[in-house]
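Source file: entry05.csv; contents: CSV, C-alpha atoms.
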chain,number,residue,atom,x,y,z
G,286,MET,CA,73.1,73.3,65.0
G,287,ILE,CA,74.8,74.3,68.2
G,288,GLN,CA,73.9,77.8,69.3
G,289,PRO,CA,76.8,80.0,70.4
G,290,THR,CA,77.2,80.9,74.0
G,291,VAL,CA,77.8,84.3,75.5
G,292,PHE,CA,81.4,83.4,75.8
G,293,ASP,CA,81.6,82.4,72.1
G,294,VAL,CA,80.3,85.8,71.2
G,295,ARG,CA,82.5,87.5,73.6
G,296,ARG,CA,85.6,85.7,72.2
G,297,TYR,CA,84.5,86.6,68.7
G,298,LEU,CA,84.2,90.3,69.6
G,299,GLU,CA,87.5,90.4,71.5
G,300,GLU,CA,89.3,88.9,68.5
G,301,TYR,CA,87.4,91.3,66.2
G,302,LEU,CA,88.4,94.3,68.3
G,303,GLU,CA,92.0,93.1,68.1
G,304,THR,CA,92.3,92.2,64.4
G,305,GLY,CA,89.1,93.2,62.7
G,306,ASP,CA,88.7,95.7,60.0
G,307,LEU,CA,86.9,98.4,62.0
G,308,GLY,CA,85.0,101.2,60.4
G,309,PRO,CA,85.5,104.9,60.7
G,310,GLY,CA,86.4,105.9,64.2
G,311,GLY,CA,86.7,102.3,65.2
G,312,ARG,CA,83.1,101.5,64.5
G,313,LEU,CA,81.9,97.9,64.9
G,314,PRO,CA,79.4,96.1,62.7
G,315,THR,CA,75.7,96.5,63.6
G,316,GLU,CA,74.0,94.1,65.9
G,317,ARG,CA,72.2,92.6,62.9
G,318,GLU,CA,75.5,92.0,61.1
G,319,LEU,CA,77.1,90.6,64.2
G,320,SER,CA,74.1,88.3,64.6
G,321,GLU,CA,74.5,87.0,61.1
G,322,ARG,CA,78.3,86.5,61.5
G,323,THR,CA,78.1,84.6,64.8
G,324,GLY,CA,74.8,82.8,64.5
G,325,ALA,CA,73.7,84.3,67.9
G,326,SER,CA,70.5,86.1,68.5
G,327,ARG,CA,70.5,89.9,68.5
G,328,ARG,CA,69.4,89.7,72.2
G,329,LEU,CA,72.6,87.7,73.0
G,330,ILE,CA,74.7,90.2,71.0
G,331,ARG,CA,73.3,93.1,73.0
G,332,ARG,CA,74.0,91.4,76.3
G,333,VAL,CA,77.6,90.8,75.4
G,334,LEU,CA,78.0,94.3,74.1
G,335,ALA,CA,76.6,95.6,77.3
G,336,ALA,CA,79.3,93.8,79.3
G,337,LEU,CA,82.1,95.0,77.0
G,338,GLU,CA,80.8,98.5,77.3
G,339,ALA,CA,80.7,98.3,81.1
G,340,GLU,CA,84.4,97.2,81.0
G,341,GLY,CA,85.3,100.2,78.8
G,342,LEU,CA,86.3,98.0,75.8
G,343,ILE,CA,83.6,99.6,73.6
G,344,TRP,CA,81.3,102.6,73.7
G,345,ARG,CA,78.0,103.2,72.0
G,346,GLN,CA,76.3,106.3,70.7
G,347,GLN,CA,72.6,106.5,69.9
G,348,GLY,CA,72.1,106.6,66.2
G,349,LYS,CA,75.8,106.3,65.3
G,350,GLY,CA,76.8,102.8,66.3
G,351,THR,CA,79.2,100.9,68.5
G,352,PHE,CA,82.9,101.8,68.7
G,353,ALA,CA,86.1,100.2,69.9
G,354,GLY,CA,87.5,101.5,73.2
G,355,GLN,CA,90.7,100.3,74.7
G,356,PRO,CA,92.4,97.2,73.1
G,357,VAL,CA,91.9,93.7,74.5
G,358,GLU,CA,94.7,91.5,75.6
G,359,PRO,CA,95.8,88.7,73.1
G,360,VAL,CA,95.6,85.8,75.5
G,361,THR,CA,93.0,83.5,74.0
G,362,ALA,CA,95.6,81.1,72.5
G,363,LEU,CA,97.6,80.9,75.7
G,364,ALA,CA,94.5,80.4,77.7
G,365,ALA,CA,93.5,77.4,75.5
G,366,LYS,CA,96.9,75.8,76.4
G,367,ILE,CA,96.2,76.3,80.1
G,368,ASN,CA,92.8,74.7,79.7
G,369,ASP,CA,94.4,71.6,78.1
G,370,THR,CA,96.6,71.0,81.2
G,371,SER,CA,94.9,72.6,84.2
G,372,ASP,CA,91.7,72.3,86.2
G,373,PRO,CA,89.6,75.1,87.7
G,374,ILE,CA,91.1,74.7,91.1
G,375,GLU,CA,94.6,75.3,89.7
G,376,VAL,CA,93.4,78.4,87.9
G,377,MET,CA,91.7,79.7,91.0
G,378,GLU,CA,94.9,79.1,93.0
G,379,ALA,CA,96.8,81.1,90.5
G,380,ARG,CA,94.2,83.9,90.7
G,381,LEU,CA,94.7,83.9,94.5
G,382,CYS,CA,98.4,84.6,94.0
G,383,ILE,CA,97.8,87.8,91.9
G,384,GLU,CA,94.3,89.3,92.3
G,385,PRO,CA,94.6,90.5,95.9
G,386,GLU,CA,97.6,92.6,94.8
G,387,ILE,CA,95.7,93.8,91.8
G,388,ALA,CA,92.9,94.9,94.1
G,389,ALA,CA,95.4,96.7,96.3
G,390,LEU,CA,96.9,98.6,93.4
G,391,CYS,CA,93.4,99.4,92.1
G,392,ALA,CA,92.5,101.0,95.4
G,393,THR,CA,95.4,103.4,94.9
G,394,ARG,CA,94.6,104.2,91.3
G,395,ALA,CA,90.9,103.9,90.5
G,396,THR,CA,89.0,107.0,89.6
G,397,PRO,CA,85.5,107.9,90.9
G,398,ASP,CA,84.2,107.0,87.4
G,399,ASP,CA,86.0,103.6,87.6
G,400,VAL,CA,84.3,102.9,91.0
G,401,LEU,CA,80.9,103.8,89.6
G,402,ARG,CA,81.4,101.3,86.9
G,403,MET,CA,82.4,98.7,89.4
G,404,TRP,CA,79.3,99.2,91.4
G,405,THR,CA,77.2,98.8,88.3
G,406,LEU,CA,79.0,95.5,87.4
G,407,ALA,CA,78.7,94.2,91.0
G,408,ARG,CA,74.9,94.8,90.9
G,409,HIS,CA,74.6,93.0,87.5
G,410,VAL,CA,76.5,90.0,88.8
G,411,TYR,CA,73.9,89.6,91.5
G,412,GLU,CA,70.7,90.5,89.6
G,413,VAL,CA,71.0,88.4,86.4
G,414,GLU,CA,69.0,85.3,86.3
G,415,ASP,CA,71.0,82.8,84.3
G,416,HIS,CA,74.4,81.2,84.9
G,417,GLU,CA,76.2,82.3,81.7
G,418,MET,CA,75.3,85.9,82.4
G,419,THR,CA,76.4,85.6,86.0
G,420,GLU,CA,79.8,84.4,84.7
G,421,LEU,CA,80.0,87.2,82.1
G,422,TRP,CA,79.3,90.0,84.6
G,423,ASP,CA,81.5,88.5,87.2
G,424,SER,CA,84.3,88.3,84.7
G,425,ALA,CA,83.6,91.9,83.7
G,426,LEU,CA,83.9,93.1,87.3
G,427,HIS,CA,87.2,91.4,88.0
G,428,ARG,CA,88.6,92.4,84.6
G,429,LEU,CA,87.7,96.1,85.3
G,430,ILE,CA,89.5,95.9,88.7
G,431,ALA,CA,92.6,94.5,86.9
G,432,GLN,CA,92.4,97.3,84.2
G,433,CYS,CA,92.1,100.0,86.9
G,434,ALA,CA,95.2,98.6,88.7
G,435,GLY,CA,97.2,100.3,86.0
G,436,ASN,CA,99.8,97.5,85.7
G,437,ARG,CA,100.0,96.0,82.2
G,438,PRO,CA,102.0,92.8,83.1
G,439,LEU,CA,99.4,92.0,85.8
G,440,LEU,CA,96.6,92.8,83.5
G,441,MET,CA,98.1,90.3,81.0
G,442,ALA,CA,98.4,87.7,83.7
G,443,PHE,CA,94.9,88.2,84.9
G,444,GLY,CA,93.5,88.1,81.3
G,445,LEU,CA,95.2,84.8,80.7
G,446,LEU,CA,93.6,83.3,83.8
G,447,ASP,CA,90.2,84.9,83.3
G,448,ASP,CA,89.9,83.7,79.7
G,449,THR,CA,89.9,80.1,80.9
G,450,ARG,CA,86.4,80.5,82.3
G,451,ALA,CA,85.0,80.5,78.7
G,452,THR,CA,85.2,76.7,78.5
G,453,GLU,CA,82.2,74.4,79.0
G,454,SER,CA,84.0,72.5,81.8
G,455,TRP,CA,84.6,75.7,83.7
G,456,LEU,CA,81.1,76.9,83.4
G,457,ASP,CA,79.8,73.5,84.5
G,458,ALA,CA,82.0,73.5,87.6
G,459,ARG,CA,80.9,77.0,88.5
G,460,VAL,CA,77.3,76.1,88.1
G,461,ARG,CA,77.7,73.1,90.4
G,462,ALA,CA,79.4,75.3,93.0
G,463,ARG,CA,76.7,78.1,92.8
G,464,THR,CA,73.8,78.3,95.2
G,465,ASN,CA,71.5,81.1,96.3
G,466,ARG,CA,73.6,81.3,99.5
G,467,SER,CA,76.9,81.4,97.6
G,468,LEU,CA,75.5,84.2,95.3
G,469,ARG,CA,74.6,86.2,98.4
G,470,GLU,CA,78.1,85.6,99.9
G,471,SER,CA,79.8,86.6,96.6
G,472,HIS,CA,77.7,89.7,96.4
G,473,ALA,CA,78.6,90.7,99.9
G,474,GLN,CA,82.3,90.0,99.1
G,475,HIS,CA,82.1,92.1,95.9
G,476,ILE,CA,80.6,95.0,97.9
G,477,ALA,CA,83.5,94.7,100.4
G,478,ILE,CA,86.0,94.8,97.6
G,479,VAL,CA,84.5,97.7,95.8
G,480,SER,CA,84.0,99.6,99.0
G,481,ALA,CA,87.6,99.2,99.9
G,482,ILE,CA,88.7,100.4,96.5
G,483,GLU,CA,86.4,103.4,96.7
G,484,ALA,CA,87.9,104.2,100.1
G,485,GLY,CA,91.4,104.0,98.7
G,486,ASP,CA,92.3,101.4,101.3
G,487,ALA,CA,94.8,99.0,99.6
G,488,GLY,CA,95.1,96.7,102.6
G,489,ALA,CA,91.3,96.3,102.9
G,490,ALA,CA,91.0,95.7,99.2
G,491,ARG,CA,93.7,93.1,99.2
G,492,GLU,CA,92.1,91.3,102.1
G,493,ALA,CA,88.6,91.5,100.7
G,494,MET,CA,89.7,90.0,97.4
G,495,ARG,CA,91.7,87.3,99.2
G,496,THR,CA,88.6,86.3,101.2
G,497,HIS,CA,86.4,86.2,98.1
G,498,LEU,CA,88.8,84.0,96.1
G,499,ILE,CA,89.3,81.6,99.0
G,500,SER,CA,85.6,81.2,99.4
G,501,ARG,CA,85.2,80.5,95.7
G,502,ILE,CA,88.1,77.9,95.7
G,503,THR,CA,86.4,76.2,98.7
G,504,ALA,CA,83.0,76.1,96.9
G,505,LEU,CA,84.6,74.8,93.7
G,506,SER,CA,86.6,72.1,95.5
G,507,GLU,CA,83.5,70.8,97.3
G,508,ALA,CA,81.4,70.9,94.2
G,509,LEU,CA,84.1,68.9,92.2
G,510,GLY,CA,84.6,66.5,95.1
G,511,ALA,CA,88.2,67.7,95.4
G,512,ILE,CA,88.2,67.8,99.2
G,513,THR,CA,88.6,64.1,99.9
G,514,VAL,CA,91.8,64.1,101.9
G,515,ALA,CA,92.1,64.6,105.6
G,516,LYS,CA,91.7,68.2,106.9
G,517,GLU,CA,95.4,68.5,107.8
G,518,GLU,CA,96.4,67.6,104.2
G,519,THR,CA,94.1,70.2,102.7
G,520,PRO,CA,96.0,73.3,101.4
G,521,ASP,CA,95.8,76.3,103.8
G,522,TYR,CA,94.8,79.0,101.3
G,523,ASN,CA,95.0,81.7,103.9
G,524,GLN,CA,98.6,80.8,104.6
G,525,ILE,CA,99.5,80.4,100.9
G,526,SER,CA,98.0,83.8,99.9
G,527,ALA,CA,99.5,85.6,102.9
G,528,HIS,CA,102.9,84.9,101.5
G,529,THR,CA,102.3,85.9,97.9
The structure in this file should be written as structure tokens.
Amino acid sequence: MIQPTVFDVRRYLEEYLETGDLGPGGRLPTERELSERTGASRRLIRRVLAALEAEGLIWRQQGKGTFAGQPVEPVTALAAKINDTSDPIEVMEARLCIEPEIAALCATRATPDDVLRMWTLARHVYEVEDHEMTELWDSALHRLIAQCAGNRPLLMAFGLLDDTRATESWLDARVRARTNRSLRESHAQHIAIVSAIEAGDAGAAREAMRTHLISRITALSEALGAITVAKEETPDYNQISAHT
């Protein structure tokens, strides 16, 4: 029997938050019940719940249970269609077109509490020790930035693109592109992004996010063997993103 991944559990919980029969006050089933329903271990359930809580999608109270927070975006079906026709590089190029502006908006609208949550997520991205959890926490950080930008159409667009990382092919590509050096680089870039947001500097947040995404596109391209053409034929992502 194939064991569910963190993304399988996350997808189940997102769909449940959107369409499930929640208990009083929006209460979710217990960890034991969720484990029985999904076939995942309670440890895995707790890890996914921790990420959802950090994003503000759920909240937990000792002795009372886990409760739904803000609603999730209904993008899973559309993301599946993208996965059928697109590759990770195309998805990253699309992210490059919107996430720098999302970060800029976030810098003007994020609250001190939002920023504290971003710092927590950025730390988790760097400190976890397995690839799936790195992806989960990285997704949570970028998703929180999109939520704090306060623009629903952009949040929908981001959610559509971010949901594509739940596929096995995406995870495999990211694992191949990830090294200890790239983890350190991404951590430094996340620090730059959150620092700019905390300072309320929209221009710096935009540039920091752009730098981060370009470095990830480059790493993915090299890992997938996509950079096989002459240098002058390689897309200039700095130039592309500067005009979006």
- For segment 477-482 of chain G: contacts at 8 Å, all atoms listed in the file, fewer than 2 positions along chain excluded, given as an MDAnalysis selection string: chainID G and resid 388:389 391:393 395 400 403:404 473:475 484:487 489:490 493:494
Residue selection dump (C-alpha atoms) as a PDB file, keeping the file's coordinate frame:
ATOM      1  CA  ALA G 388      92.900  94.900  94.100  1.00  0.00           C
ATOM      2  CA  ALA G 389      95.400  96.700  96.300  1.00  0.00           C
ATOM      3  CA  CYS G 391      93.400  99.400  92.100  1.00  0.00           C
ATOM      4  CA  ALA G 392      92.500 101.000  95.400  1.00  0.00           C
ATOM      5  CA  THR G 393      95.400 103.400  94.900  1.00  0.00           C
ATOM      6  CA  ALA G 395      90.900 103.900  90.500  1.00  0.00           C
ATOM      7  CA  VAL G 400      84.300 102.900  91.000  1.00  0.00           C
ATOM      8  CA  MET G 403      82.400  98.700  89.400  1.00  0.00           C
ATOM      9  CA  TRP G 404      79.300  99.200  91.400  1.00  0.00           C
ATOM     10  CA  ALA G 473      78.600  90.700  99.900  1.00  0.00           C
ATOM     11  CA  GLN G 474      82.300  90.000  99.100  1.00  0.00           C
ATOM     12  CA  HIS G 475      82.100  92.100  95.900  1.00  0.00           C
ATOM     13  CA  ALA G 484      87.900 104.200 100.100  1.00  0.00           C
ATOM     14  CA  GLY G 485      91.400 104.000  98.700  1.00  0.00           C
ATOM     15  CA  ASP G 486      92.300 101.400 101.300  1.00  0.00           C
ATOM     16  CA  ALA G 487      94.800  99.000  99.600  1.00  0.00           C
ATOM     17  CA  ALA G 489      91.300  96.300 102.900  1.00  0.00           C
ATOM     18  CA  ALA G 490      91.000  95.700  99.200  1.00  0.00           C
ATOM     19  CA  ALA G 493      88.600  91.500 100.700  1.00  0.00           C
ATOM     20  CA  MET G 494      89.700  90.000  97.400  1.00  0.00           C
TER      21      MET G 494
END
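Excluding Arg501 of chain G itself and any same-chain residue fewer than 3 positions from it, the protein and nucleic acid residues within 10 Å of it, counting all atoms listed in the file, are Ile374, Met377, Arg459, Ala462, Arg463, Ser467, Glu470, Ser471, Thr496, His497, Leu498, Ala504, Leu505, Ser506 and Glu507 of chain G.
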- What does the distance from atom CA of Pro438 of chain G to atom CA of Gly311 of chain G come to in Å, to one decimal?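 Rounded to one decimal, the two atoms are 25.4 Å apart.
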- Of the listed residues G:Ile343, G:His409, G:Ile330, G:Lys349, that which approaches Glu318 of chain G most closely, counting all atoms listed in the file: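 Among the listed residues, the smallest separation from Glu318 of chain G belongs to G:Ile330.
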- To one decimal in Å, tell me the separation between atom CA of Tyr411 of chain G and atom CA of Ala325 of chain G.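 That distance, rounded to one decimal, is 24.2 Å.
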- Message: When you look at Leu440 of chain G with a cut-off of 9 Å (counting all atoms listed in the file), what residues show up, excluding the ones that are within fewer than 6 positions of it in the same chain? I need them as a ChimeraX atom specification.
- Response: /G:358,387,428,431-432,434
- Go through G:Leu337, G:Leu390, G:Met418, G:Leu313 one by one, measure the shortest atom-to-atom distance of each to Thr290 of chain G using only C-alpha atoms, and give the residue with the smallest value. G:Met418
- Task: Measuring atom to atom with only C-alpha atoms, identify which of G:Ala379, G:Leu342, G:Ile430, G:Ala336 is nearest to Glu299 of chain G.
- Result: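 So, comparing all the options, the nearest one is G:Leu342.
What separates atom CA of Cys382 of chain G from atom CA of Arg402 of chain G is a distance of 24.9 Å.
Once all atoms listed in the file are considered, the residues situated within 10 Å of the file point (76.5, 97.0, 80.7) turn out to be Arg331, Arg332, Val333, Leu334, Ala335, Ala336, Leu337, Glu338, Ala339, Glu340, Gly341, Arg402, Thr405, Leu406, His409, Trp422 and Ala425 of chain G.
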- Item | Protein and nucleic acid residues near (82.0, 97.4, 65.1) (cut-off 8 Å, only C-alpha atoms) as a ChimeraX atom specification | /G:302,307-308,311-315,350-353
- Message: Ranking G:Gly510, G:Pro385, G:Pro289, G:Pro397 by minimum distance to Arg491 of chain G and counting all atoms listed in the file, which one comes first?
- Response: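 Looking at the shortest contact to Arg491 of chain G, the residue is G:Pro385.
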- Smallest atom-to-atom distance to Gly324 of chain G: which of G:Ile476, G:Thr304, G:Asp423, G:Gln288, using only C-alpha atoms? G:Gln288
- Using all atoms listed in the file: which of G:Val460, G:Glu375, G:Gln347, G:Glu386 has the shortest distance to Asp415 of chain G: G:Val460
- Message: Would you pick out the contacts of Leu446 of chain G at 7 Å or less, using all atoms listed in the file, so that residues sharing its chain but fewer than 3 positions from it are not included, and give the list as a PyMOL selection string?
- Response: chain G and resi 364+376+380+442-443+449
Can you spit out the residues from that selection as an mmCIF file, in the frame of the given file, using C-alpha atoms?
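This is the output file out_23.cif:
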data_model
loop_
_atom_site.group_PDB
_atom_site.id
_atom_site.type_symbol
_atom_site.label_atom_id
_atom_site.label_comp_id
_atom_site.auth_asym_id
_atom_site.auth_seq_id
_atom_site.Cartn_x
_atom_site.Cartn_y
_atom_site.Cartn_z
ATOM 1 C CA ALA G 364 94.500 80.400 77.700
ATOM 2 C CA VAL G 376 93.400 78.400 87.900
ATOM 3 C CA ARG G 380 94.200 83.900 90.700
ATOM 4 C CA ALA G 442 98.400 87.700 83.700
ATOM 5 C CA PHE G 443 94.900 88.200 84.900
ATOM 6 C CA THR G 449 89.900 80.100 80.900
#
